[in-house]
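Read through the structure below, which is laid out as structure tokens, and then see the notes.
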Amino acid sequence: MSAVLYIKEGCPWCEAAESELHKLGVKYERREVRSNAEYFNEMKEISGQSKAPVLDIDGRILADFGVEQLPAFLKS
């Protein structure tokens, strides 16, 4: 499984997503989009928006999500 989490530093939803992914044992690459224009553009391209967090697992995208959405997304 290949996972990438696009986040914005200081974003409370992003921090909650990272915490929940750690609890669930999901390994991922962290990409901070405010300091990296390439990552920001990637996030916009795959999600169609500029809001974070965005999770990409093997090409499946969960965009602008709350932690309550993670378990169902990870099971599907």
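Ordering of the structure tokens sets the chain letters (A, B, ...); residue numbers start at 1 within each chain; ligands are numbered from 1 in the order shown.
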Within 8 Å of A:Gly66, counting only C-alpha atoms, which residues qualify if same-chain residues fewer than 2 places away don't, as a list of chain:residue names?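 Residues near the query, excluding close chain neighbours: A:Trp13, A:Ala17, A:Asp64, A:Glu68, A:Gln69, A:Leu70.
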Please, could you write that set of residues out with C-alpha atoms as an mmCIF file, in the first residue's frame?
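Writing the result to part.cif gives the following:
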```cif
data_model
loop_
_atom_site.group_PDB
_atom_site.id
_atom_site.type_symbol
_atom_site.label_atom_id
_atom_site.label_comp_id
_atom_site.auth_asym_id
_atom_site.auth_seq_id
_atom_site.Cartn_x
_atom_site.Cartn_y
_atom_site.Cartn_z
ATOM 1 C CA TRP A 13 -7.963 18.866 10.759
ATOM 2 C CA ALA A 17 -5.821 13.140 10.512
ATOM 3 C CA ASP A 64 -11.009 17.525 2.887
ATOM 4 C CA GLU A 68 -14.585 9.895 11.374
ATOM 5 C CA GLN A 69 -14.403 9.153 7.636
ATOM 6 C CA LEU A 70 -11.061 7.307 7.796
#
```
In chain A, DSSP strand (DSSP E or B) residues written as a ChimeraX atom specification: /A:3-7,29-32,54-57,60-63
Output the selection as a compact mmCIF listing (two decimals), in the first residue's frame - N, CA and C atoms for each residue.
```
# COMPACT_ATOMS: atom_id res chain seq x y z
N ALA A 3 0.70 5.29 0.51
CA ALA A 3 -0.17 6.35 1.02
C ALA A 3 0.58 7.67 1.10
N VAL A 4 -0.12 8.74 0.69
CA VAL A 4 0.41 10.10 0.79
C VAL A 4 -0.65 10.94 1.46
N LEU A 5 -0.23 11.71 2.47
CA LEU A 5 -1.13 12.63 3.15
C LEU A 5 -0.65 14.05 2.87
N TYR A 6 -1.49 14.83 2.21
CA TYR A 6 -1.21 16.24 1.95
C TYR A 6 -1.79 17.04 3.11
N ILE A 7 -0.96 17.87 3.72
CA ILE A 7 -1.39 18.63 4.89
C ILE A 7 -0.95 20.09 4.78
N GLU A 29 3.43 8.93 3.45
CA GLU A 29 4.37 10.01 3.19
C GLU A 29 3.64 11.31 3.46
N ARG A 30 4.24 12.17 4.24
CA ARG A 30 3.64 13.46 4.62
C ARG A 30 4.12 14.53 3.64
N ARG A 31 3.19 15.25 3.03
CA ARG A 31 3.54 16.33 2.11
C ARG A 31 2.88 17.62 2.56
N GLU A 32 3.70 18.57 2.98
CA GLU A 32 3.22 19.86 3.47
C GLU A 32 3.08 20.80 2.27
N VAL A 54 -5.75 15.88 2.46
CA VAL A 54 -6.11 15.00 1.34
C VAL A 54 -5.27 13.74 1.49
N LEU A 55 -5.93 12.61 1.45
CA LEU A 55 -5.25 11.32 1.57
C LEU A 55 -5.36 10.58 0.25
N ASP A 56 -4.21 10.12 -0.24
CA ASP A 56 -4.14 9.35 -1.47
C ASP A 56 -3.57 7.98 -1.11
N ILE A 57 -4.40 6.95 -1.23
CA ILE A 57 -3.94 5.58 -0.99
C ILE A 57 -4.10 4.81 -2.29
N ARG A 60 -6.62 6.08 -4.67
CA ARG A 60 -7.96 6.38 -4.13
C ARG A 60 -7.83 7.64 -3.29
N ILE A 61 -8.69 8.60 -3.50
CA ILE A 61 -8.55 9.92 -2.89
C ILE A 61 -9.67 10.17 -1.88
N LEU A 62 -9.27 10.64 -0.70
CA LEU A 62 -10.20 11.12 0.32
C LEU A 62 -9.80 12.57 0.57
N ALA A 63 -10.65 13.51 0.16
CA ALA A 63 -10.29 14.93 0.20
C ALA A 63 -11.08 15.67 1.27
```
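Using only C-alpha atoms, the residues found no farther than 8 Å from stretch 19-21 of chain A, other than those of its own chain fewer than 5 positions away, are Val26, Lys27 and Val67 of chain A.
Excluding A:Val33 and any residue on its chain fewer than 4 positions from it, the residues at most 9 Å away by only C-alpha atoms are Tyr6, Ile7, Lys8, Glu9, Ala37, Glu38, Tyr39, Phe40, Asn41, Glu42, Met43 and Ala52 of chain A.
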Check stretch 1-37 of chain A with DSSP on the backbone and list each residue it calls helix (DSSP H, G or I), as a list in words. Pro12, Trp13, Cys14, Glu15, Ala16, Ala17, Glu18, Ser19, Glu20, Leu21, His22, Lys23 and Ala37 of chain A
